[in-house]
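Dropping model.cif in here (mmCIF, C-alpha atoms):
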data_query
loop_
_atom_site.label_atom_id
_atom_site.label_comp_id
_atom_site.auth_asym_id
_atom_site.auth_seq_id
_atom_site.Cartn_x
_atom_site.Cartn_y
_atom_site.Cartn_z
CA MET A 1 -30.21 136.35 83.69
CA ARG A 2 -31.29 132.73 84.20
CA VAL A 3 -28.39 130.27 84.00
CA GLY A 4 -28.63 126.49 83.81
CA ILE A 5 -25.67 124.39 85.00
CA ASP A 6 -25.47 120.67 84.25
CA ALA A 7 -24.20 119.13 87.52
CA ARG A 8 -25.29 115.52 86.92
CA LEU A 9 -21.70 114.23 86.88
CA LEU A 10 -21.44 114.79 90.64
CA TYR A 11 -23.59 111.70 91.17
CA TYR A 12 -21.37 109.45 89.05
CA ALA A 13 -17.76 110.52 89.60
CA ALA A 14 -15.57 112.20 92.19
CA GLY A 15 -12.66 113.26 89.95
CA GLY A 16 -11.34 116.61 88.84
CA ILE A 17 -14.32 117.65 86.73
CA SER A 18 -16.71 116.96 89.59
CA GLN A 19 -14.49 119.06 91.88
CA TYR A 20 -14.65 121.84 89.29
CA ILE A 21 -18.44 121.72 89.07
CA ARG A 22 -18.90 121.80 92.83
CA ALA A 23 -16.32 124.54 93.47
CA LEU A 24 -17.67 126.72 90.65
CA ILE A 25 -21.26 126.50 91.90
CA GLU A 26 -20.18 127.30 95.46
CA ALA A 27 -18.12 130.28 94.28
CA LEU A 28 -20.92 131.60 92.05
CA ALA A 29 -23.29 131.41 95.01
CA ARG A 30 -20.88 133.55 97.05
CA ILE A 31 -20.52 136.34 94.52
CA ASP A 32 -23.87 136.49 92.67
CA ARG A 33 -27.09 137.13 94.56
CA ASP A 34 -28.94 138.75 91.63
CA ASP A 35 -29.02 136.24 88.78
CA GLU A 36 -31.06 133.05 88.86
CA PHE A 37 -29.29 129.67 88.65
CA ILE A 38 -30.91 126.31 87.90
CA VAL A 39 -28.60 123.46 88.92
CA PHE A 40 -29.53 120.27 87.08
CA GLN A 41 -28.69 117.14 89.08
CA GLN A 42 -29.27 113.44 88.61
CA ARG A 43 -32.62 112.49 90.13
CA ARG A 44 -31.06 110.04 92.60
CA ASP A 45 -28.43 112.53 93.79
CA LYS A 46 -29.23 113.68 97.33
CA GLN A 47 -26.33 116.13 97.66
CA ILE A 48 -27.26 119.67 98.68
CA LEU A 49 -25.00 121.96 96.69
CA LEU A 50 -26.42 125.35 97.50
CA SER A 51 -28.28 127.40 100.02
CA GLN A 52 -28.78 130.77 98.35
CA PRO A 53 -32.37 131.56 97.31
CA ASN A 54 -31.33 132.43 93.74
CA PHE A 55 -29.96 128.89 93.27
CA ARG A 56 -32.51 126.14 92.67
CA ARG A 57 -32.10 122.44 92.00
CA ARG A 58 -33.93 120.56 89.27
CA SER A 59 -33.76 116.77 88.95
CA LEU A 60 -33.18 114.97 85.66
CA TRP A 61 -33.49 111.32 84.67
CA THR A 62 -30.87 111.26 81.91
CA PRO A 63 -27.61 109.58 83.06
CA CYS A 64 -24.14 110.76 82.10
CA HIS A 65 -22.06 109.44 79.21
CA HIS A 66 -24.67 107.10 77.70
CA ALA A 67 -24.94 106.64 73.95
CA TRP A 68 -28.39 108.25 73.92
CA GLU A 69 -27.62 110.92 76.51
CA SER A 70 -27.42 113.90 74.19
CA TRP A 71 -30.91 113.51 72.70
CA ALA A 72 -32.57 112.41 75.95
CA LEU A 73 -31.10 115.39 77.77
CA SER A 74 -32.30 117.69 75.00
CA LEU A 75 -35.85 116.46 75.55
CA GLU A 76 -35.63 116.84 79.34
CA LEU A 77 -34.31 120.39 79.04
CA ALA A 78 -36.81 121.47 76.38
CA ARG A 79 -39.06 123.09 79.01
CA ALA A 80 -36.24 124.70 80.98
CA ARG A 81 -36.41 128.36 80.10
CA THR A 82 -32.84 129.43 80.69
CA ASP A 83 -30.87 132.17 79.00
CA LEU A 84 -27.99 129.72 78.60
CA LEU A 85 -26.90 126.23 79.62
CA HIS A 86 -23.39 125.60 80.94
CA SER A 87 -22.14 122.07 80.23
CA PRO A 88 -19.00 121.72 82.40
CA ASP A 89 -18.24 118.18 81.18
CA PHE A 90 -17.25 118.95 77.57
CA ILE A 91 -20.44 117.97 75.72
CA SER A 92 -23.64 120.00 75.47
CA PRO A 93 -26.98 118.46 74.39
CA SER A 94 -27.64 118.10 70.67
CA TRP A 95 -30.51 120.55 70.67
CA LEU A 96 -31.17 123.47 73.00
CA ARG A 97 -33.58 126.38 73.10
CA SER A 98 -30.88 128.52 74.72
CA PRO A 99 -27.19 129.15 73.88
CA ALA A 100 -24.60 126.71 75.20
CA VAL A 101 -21.41 127.31 77.16
CA VAL A 102 -19.00 124.36 77.36
CA THR A 103 -15.90 123.82 79.46
CA ILE A 104 -13.10 121.87 77.77
CA HIS A 105 -10.71 120.50 80.37
CA ASP A 106 -8.27 118.70 78.08
CA LEU A 107 -8.05 116.83 74.80
CA ALA A 108 -6.33 113.73 76.18
CA PHE A 109 -8.79 111.51 74.31
CA LEU A 110 -7.41 112.95 71.05
CA ARG A 111 -3.76 113.07 72.12
CA PHE A 112 -3.80 109.54 73.56
CA PRO A 113 -6.74 107.66 71.98
CA GLN A 114 -5.13 104.33 72.90
CA LEU A 115 -5.50 105.18 76.60
CA VAL A 116 -9.29 105.55 76.66
CA THR A 117 -12.12 103.05 76.44
CA GLY A 118 -14.52 102.64 73.54
CA GLU A 119 -17.32 104.14 75.61
CA SER A 120 -15.22 107.24 76.32
CA ARG A 121 -14.23 107.59 72.68
CA ARG A 122 -17.93 107.50 71.76
CA TYR A 123 -18.83 110.19 74.30
CA TYR A 124 -15.93 112.52 73.56
CA GLY A 125 -16.30 111.90 69.85
CA ARG A 126 -19.02 114.56 69.92
CA ILE A 127 -16.50 117.24 70.92
CA LYS A 128 -16.29 118.81 67.45
CA ARG A 129 -20.04 119.39 67.32
CA ALA A 130 -20.05 120.70 70.89
CA VAL A 131 -17.40 123.38 70.30
CA THR A 132 -18.79 124.30 66.89
CA SER A 133 -22.29 124.95 68.22
CA ALA A 134 -21.30 126.52 71.56
CA ARG A 135 -21.69 130.28 71.98
CA GLY A 136 -19.14 130.28 74.80
CA ILE A 137 -16.08 128.03 75.19
CA ILE A 138 -14.05 127.87 78.39
CA ALA A 139 -10.60 126.23 78.46
CA VAL A 140 -8.91 125.58 81.79
CA SER A 141 -5.42 126.47 80.52
CA GLU A 142 -3.59 128.06 77.60
CA ASN A 143 -2.33 124.58 76.76
CA THR A 144 -5.90 123.33 76.29
CA ARG A 145 -6.73 126.36 74.14
CA ARG A 146 -3.71 125.62 71.93
CA ASP A 147 -4.76 121.99 71.65
CA MET A 148 -8.26 123.06 70.61
CA THR A 149 -6.80 125.20 67.85
CA GLU A 150 -4.46 122.44 66.65
CA LEU A 151 -6.75 119.43 66.97
CA LEU A 152 -10.22 120.90 66.45
CA GLY A 153 -9.54 123.99 64.36
CA VAL A 154 -11.15 126.30 66.93
CA SER A 155 -10.10 129.94 66.64
CA PRO A 156 -8.35 130.99 69.87
CA ASP A 157 -10.47 134.15 69.85
CA ARG A 158 -13.54 131.99 70.60
CA VAL A 159 -12.00 130.51 73.77
CA ASP A 160 -11.78 132.05 77.24
CA VAL A 161 -9.00 130.63 79.44
CA ILE A 162 -10.25 130.40 83.03
CA TYR A 163 -8.03 128.62 85.53
CA HIS A 164 -9.07 126.31 88.36
CA ALA A 165 -7.80 126.81 91.92
CA ALA A 166 -7.05 124.79 95.02
CA ASP A 167 -9.92 124.72 97.48
CA GLU A 168 -9.48 127.10 100.42
CA ALA A 169 -9.61 124.07 102.72
CA PHE A 170 -6.12 123.07 101.55
CA ARG A 171 -3.60 124.76 103.85
CA PRO A 172 -0.60 123.87 106.01
CA LEU A 173 -1.41 122.12 109.29
CA GLY A 174 0.70 121.41 112.34
CA ASN A 175 2.82 118.26 112.38
CA GLU A 176 0.91 116.88 115.33
CA THR A 177 -2.39 116.96 113.42
CA SER A 178 -1.09 115.02 110.42
CA ALA A 179 0.84 112.60 112.65
CA GLU A 180 -2.32 111.78 114.60
CA PHE A 181 -4.16 111.17 111.31
CA CYS A 182 -1.44 108.78 110.09
CA GLN A 183 -1.50 106.85 113.33
CA ARG A 184 -5.29 106.61 113.29
CA ARG A 185 -5.39 105.44 109.65
CA GLY A 186 -2.48 103.03 109.91
CA LEU A 187 -0.19 105.02 107.60
CA PRO A 188 3.58 105.51 107.93
CA PRO A 189 4.49 108.84 109.58
CA SER A 190 6.05 110.11 106.34
CA PHE A 191 5.60 109.04 102.73
CA ILE A 192 5.51 109.95 99.06
CA LEU A 193 1.98 110.85 97.95
CA TRP A 194 0.28 110.33 94.60
CA VAL A 195 -3.32 111.51 94.00
CA GLY A 196 -5.49 110.86 90.97
CA THR A 197 -7.71 108.38 89.19
CA ILE A 198 -5.76 105.19 88.53
CA GLU A 199 -5.67 105.04 84.73
CA PRO A 200 -2.89 104.93 82.11
CA ARG A 201 -2.78 108.69 81.39
CA LYS A 202 -1.97 109.46 85.02
CA ASN A 203 1.19 107.38 84.58
CA LEU A 204 1.54 106.01 88.10
CA VAL A 205 3.68 103.33 86.45
CA THR A 206 6.67 105.67 86.12
CA LEU A 207 6.57 106.43 89.83
CA LEU A 208 6.33 102.73 90.70
CA LYS A 209 9.33 101.92 88.50
CA ALA A 210 11.29 104.77 90.09
CA LEU A 211 10.52 103.36 93.53
CA ALA A 212 11.78 99.96 92.41
CA ILE A 213 15.06 101.55 91.31
CA LEU A 214 15.37 103.34 94.64
CA GLN A 215 14.64 100.09 96.46
CA SER A 216 17.45 98.40 94.54
CA ARG A 217 19.75 101.18 95.77
CA GLY A 218 18.74 100.52 99.36
CA HIS A 219 16.25 103.42 99.69
CA HIS A 220 12.85 102.27 100.90
CA TYR A 221 10.29 105.07 100.60
CA PRO A 222 6.62 104.27 101.30
CA LEU A 223 4.11 105.47 98.71
CA VAL A 224 0.46 106.30 99.41
CA VAL A 225 -1.81 106.10 96.34
CA ALA A 226 -5.03 108.06 96.87
CA GLY A 227 -7.66 107.73 94.17
CA ALA A 228 -10.38 105.62 92.63
CA LYS A 229 -9.84 102.98 89.98
CA GLY A 230 -10.43 104.37 86.51
CA TRP A 231 -10.47 102.78 83.09
CA LEU A 232 -7.73 100.26 82.23
CA TYR A 233 -6.37 100.33 85.79
CA GLU A 234 -5.52 96.63 86.05
CA GLU A 235 -2.07 96.82 84.44
CA THR A 236 -1.00 99.58 86.82
CA LEU A 237 -2.00 97.61 89.90
CA ASN A 238 -0.37 94.43 88.58
CA ILE A 239 2.95 96.25 88.29
CA ILE A 240 3.00 96.84 92.06
CA GLU A 241 3.30 93.09 92.59
CA ASP A 242 5.59 92.55 89.60
CA LEU A 243 8.10 95.05 91.02
CA SER A 244 7.90 93.58 94.55
CA LEU A 245 6.49 96.82 95.94
CA THR A 246 3.47 95.36 97.73
CA SER A 247 4.85 96.17 101.18
CA LYS A 248 5.76 99.75 100.17
CA VAL A 249 2.63 100.87 98.32
CA ILE A 250 -0.52 101.69 100.30
CA LEU A 251 -3.71 101.87 98.22
CA PHE A 252 -5.72 104.41 100.19
CA GLY A 253 -8.66 104.45 97.78
CA GLN A 254 -10.89 107.42 97.02
CA ALA A 255 -10.06 110.19 99.50
CA SER A 256 -12.47 112.81 100.81
CA ARG A 257 -11.46 116.46 100.87
CA GLU A 258 -10.74 116.12 104.59
CA ASP A 259 -8.58 113.04 103.98
CA LEU A 260 -6.67 114.78 101.21
CA LEU A 261 -5.91 117.74 103.46
CA MET A 262 -4.31 115.37 105.95
CA LEU A 263 -2.51 113.32 103.31
CA TYR A 264 -0.98 116.36 101.63
CA ASN A 265 0.25 117.65 104.97
CA ALA A 266 1.67 114.28 106.06
CA ALA A 267 3.57 113.64 102.82
CA TRP A 268 7.16 114.82 102.51
CA VAL A 269 6.77 115.04 98.73
CA PHE A 270 3.93 114.92 96.21
CA ALA A 271 4.81 113.11 92.97
CA PHE A 272 2.76 113.64 89.79
CA PRO A 273 4.19 111.99 86.65
CA SER A 274 1.03 112.45 84.53
CA LEU A 275 1.45 112.19 80.77
CA TYR A 276 -1.08 114.93 80.07
CA GLU A 277 -3.20 117.35 82.10
CA GLY A 278 -5.63 120.07 81.12
CA PHE A 279 -4.85 121.89 84.37
CA GLY A 280 -3.48 119.58 87.08
CA LEU A 281 -5.29 120.33 90.32
CA PRO A 282 -3.63 117.81 92.71
CA PRO A 283 -0.11 119.33 92.58
CA LEU A 284 -1.59 122.78 93.18
CA GLU A 285 -3.52 121.43 96.18
CA ALA A 286 -0.30 119.90 97.51
CA MET A 287 1.47 123.24 97.12
CA ALA A 288 -1.32 124.99 99.02
CA CYS A 289 -0.57 122.61 101.92
CA GLY A 290 3.13 123.42 101.84
CA THR A 291 4.17 120.08 100.33
CA PRO A 292 7.13 119.99 97.88
CA VAL A 293 6.09 118.82 94.41
CA ILE A 294 7.80 116.80 91.70
CA SER A 295 5.75 116.95 88.51
CA ALA A 296 5.82 115.96 84.88
CA ASN A 297 6.99 118.69 82.53
CA THR A 298 4.23 118.06 79.99
CA SER A 299 1.06 119.78 78.73
CA SER A 300 -0.32 122.44 81.11
CA LEU A 301 1.75 121.53 84.16
CA PRO A 302 4.68 123.96 83.60
CA GLU A 303 2.10 126.69 82.89
CA VAL A 304 0.19 126.05 86.12
CA LEU A 305 3.06 125.19 88.47
CA GLY A 306 5.70 127.62 87.21
CA ASP A 307 9.07 127.37 88.98
CA ALA A 308 7.48 126.06 92.19
CA ALA A 309 7.99 122.36 91.34
CA LEU A 310 10.74 120.09 90.08
CA LEU A 311 9.63 119.38 86.49
CA ILE A 312 10.74 116.09 84.89
CA ASP A 313 10.06 114.10 81.72
CA PRO A 314 7.22 111.75 82.82
CA GLU A 315 8.76 108.77 81.04
CA ASP A 316 12.34 109.18 82.34
CA VAL A 317 12.21 106.69 85.19
CA GLU A 318 15.85 107.19 86.23
CA ALA A 319 15.33 110.95 86.46
CA TRP A 320 12.34 110.41 88.74
CA ALA A 321 14.33 108.12 91.00
CA ASP A 322 17.19 110.64 91.16
CA ALA A 323 14.84 113.56 91.89
CA ILE A 324 13.10 111.72 94.74
CA ALA A 325 16.43 110.76 96.34
CA ARG A 326 17.81 114.27 95.90
CA LEU A 327 14.78 115.92 97.46
CA TYR A 328 14.78 113.51 100.39
CA GLN A 329 18.39 114.38 101.18
CA ASP A 330 18.18 118.15 100.57
CA GLU A 331 16.18 119.89 103.31
CA ALA A 332 17.00 123.35 101.91
CA LEU A 333 15.51 122.41 98.54
CA ARG A 334 12.38 121.07 100.24
CA ASP A 335 11.99 124.36 102.14
CA GLU A 336 12.50 126.37 98.96
CA LEU A 337 9.88 124.38 97.06
CA LYS A 338 7.48 124.71 99.99
CA SER A 339 7.83 128.51 99.95
CA ARG A 340 7.50 128.74 96.17
CA GLY A 341 4.55 126.38 96.15
CA LEU A 342 2.58 128.38 98.69
CA ALA A 343 3.16 131.55 96.63
CA GLN A 344 2.22 129.81 93.36
CA SER A 345 -1.00 128.30 94.69
CA GLY A 346 -1.99 131.70 96.06
CA LYS A 347 -2.17 133.10 92.52
CA TYR A 348 -5.38 131.15 91.88
CA SER A 349 -8.78 131.38 93.55
CA TRP A 350 -12.28 130.06 92.88
CA THR A 351 -13.62 133.59 93.30
CA LYS A 352 -11.53 134.67 90.30
CA THR A 353 -12.75 131.58 88.42
CA ALA A 354 -16.40 132.38 89.19
CA GLU A 355 -16.03 136.06 88.24
CA ALA A 356 -14.48 135.20 84.88
CA THR A 357 -17.10 132.50 84.23
CA LEU A 358 -19.90 134.93 85.09
CA ALA A 359 -18.48 137.36 82.53
CA VAL A 360 -18.75 134.61 79.87
CA TYR A 361 -22.35 133.93 80.90
CA ARG A 362 -23.29 137.58 80.57
CA ARG A 363 -21.65 137.94 77.19
CA VAL A 364 -23.36 134.81 75.84
CA ALA A 365 -26.74 135.85 77.25
CA GLY A 366 -26.35 139.35 75.83
CA ARG A 367 -26.33 140.98 79.27
#
For the structure just supplied, provide its representation as structure tokens.
Amino acid sequence: MRVGIDARLLYYAAGGISQYIRALIEALARIDRDDEFIVFQQRRDKQILLSQPNFRRRSLWTPCHHAWESWALSLELARARTDLLHSPDFISPSWLRSPAVVTIHDLAFLRFPQLVTGESRRYYGRIKRAVTSARGIIAVSENTRRDMTELLGVSPDRVDVIYHAADEAFRPLGNETSAEFCQRRGLPPSFILWVGTIEPRKNLVTLLKALAILQSRGHHYPLVVAGAKGWLYEETLNIIEDLSLTSKVILFGQASREDLLMLYNAAWVFAFPSLYEGFGLPPLEAMACGTPVISANTSSLPEVLGDAALLIDPEDVEAWADAIARLYQDEALRDELKSRGLAQSGKYSWTKTAEATLAVYRRVAGR
């Protein structure tokens, strides 16, 4: 079987979908030495993703998410003789010689169209065609599969649910290691952590408002915000100043995997008030590091996190403030969430993800 994987997004973005693409390719390379894989990357991308002889890179000119991307990519791939093409970023090319497999991470652009840009609406507006023409559809949670049925009319029988996992690098470290990192990077020795792309859907605003309430009660908890600026981020950052939180909020910026490992371990709590997630990888990564988690109770998050997190309405600011204060004061609860979180994160692995994805490939390719 000869599988093509579209990995061009790795050159343009470092968010959750890019993490998925990289982790999936690495896991496939570990478990499959027989099939042939062609990894399509952006021509300017110098990253080396693979070392196995059955994995080969091929460069493409077509950029991601452009208005003419679908047709240009179709032309570039016309001579690629693959048994299937996996498009991990929702949208497959308009025309392909081989069957398509698509991964649908979430339908936030349909649930919250007011929170995305015009360019994003144009790109994701091709989702109906993509799922209609695809021979294999992967959803990253049962919640996403339900959304596809409700919003796109896709029969659930056509969709395979294949979960993500926290990278094996995420694990508990000794206190001395994380303390040294904080000192070296100029961070407070303990803090609340938020990780994600700064954009309206991630709802950092609720956490900021909760911190302002806590500050008014005399509780001053530092917050580290780790993530790149996404679309419509300006309002979120303006609120930091409006709420007089400038001295309490540290904008760390885009964090490497090594930085995230240290940040998760240094934080006394990970807070994730996202309005909507297809899977929700950051809270699972935090759990894998033994960090207590407070999360929104929306979309896929209860499904993925189970009873290992405190789950709260993402728009109930008072409830978030109360939960943070309660967790800070209750060491027994923090220990319980740490234990549950480690067990919950252990239920997922990229090897399982790769094995299930390989089964989809073989079914679609008729193998």
One decimal, Å: what's the distance from atom CA of A:Ser98 over to atom CA of A:Ala13, could you say?
->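 Atom-to-atom, atom CA of A:Ser98 and atom CA of A:Ala13 are spaced 26.8 Å apart.
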Box for stretch 83-97 of chain A - axis-aligned, 8 Å on each of the six sides, all listed atoms - centre and size in Å to one decimal, as lines of an AutoDock Vina configuration file.
center_x = -25.4
center_y = 125.1
center_z = 76.5
size_x = 32.3
size_y = 30.2
size_z = 27.7
Answer key for the PyMOL selection byres ((chain A and resi 297) around 8), residues as an MDAnalysis selection string = chainID A and resid 295:296 298:299 301:302 311:314
Contacts of A:Pro188 at 10 Å or less, counting only C-alpha atoms, minus same-chain residues fewer than 3 places along, as a list in words?
-> Ala179, Cys182, Gln183, Arg185, Phe191, Tyr221, Pro222, Leu223, Val224, Lys248, Ile250, Ala266 and Ala267 of chain A
Where does the PyMOL selection byres ((chain A and resi 5) around 8) land in this file, that is, which residues does it pick, as a list of chain:residue names?
->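 Expected selection for the PyMOL selection byres ((chain A and resi 5) around 8) here is A:Val3, A:Gly4, A:Asp6, A:Ala7, A:Phe37, A:Ile38, A:Val39, A:Phe40, A:Leu85, A:His86, A:Ser87, A:Pro88.
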Could you spell out the hits of the PyMOL selection byres ((chain A and resi 92-96) around 10) on the shown file, as a PyMOL selection string?
-> chain A and resi 6+69-75+77-80+82+84-91+97-103+126-127+129-131+133-134
In Å and to one decimal, atom CA of A:Ala169 is distant from atom CA of A:Ser141 by 22.7 Å
Skip A:Thr353 itself and residues of its chain fewer than 6 positions away, then list as a list in words all residues within 8 Å of it, counting only C-alpha atoms.
-> Leu24, Ile162, Tyr163, His164 and Ala165 of chain A
Which neighbours of A:Trp61 fall inside 9 Å, counting all atoms listed in the file, when residues of the same chain fewer than 6 positions from it are skipped, and could you give them as an MDAnalysis selection string?
-> chainID A and resid 41:44 72:73 76
Within 9 Å of (-34.4, 134.9, 88.9), in the coordinates the file gives, what residues turn up when you count all atoms listed in the file, written out as a VMD selection string?
-> chain A and resid 1 to 2 34 to 37 54 to 55
Please check which residues have atoms at most 8 Å from (2.5, 125.1, 92.8) in the file's coordinates, counting all atoms listed in the file, and write them as a list in words.
->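 Checked against the point, the hits come out as Pro283, Leu284, Glu285, Ala286, Met287, Ala288, Val293, Val304, Leu305, Gly306, Asp307, Ala308, Ala309, Arg340, Gly341, Leu342, Ala343, Gln344 and Ser345 of chain A.
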Using atom CA of A:Gln254 and atom CA of A:Pro282 as the two end points, give the distance in Å to one decimal.
-> 13.4 Å
Shell around A:Thr117 at 10 Å using only C-alpha atoms, local window under 6 positions removed, as JSON, numbers by chain | {"A": [109, 231, 232]}
Keeping C-alpha atoms for every residue in the selection just given, could you write it to a file as a PDB file, in the frame of the given file?
ATOM      1  CA  PHE A 109      -8.790 111.510  74.310  1.00  0.00           C
ATOM      2  CA  TRP A 231     -10.470 102.780  83.090  1.00  0.00           C
ATOM      3  CA  LEU A 232      -7.730 100.260  82.230  1.00  0.00           C
TER       4      LEU A 232
END
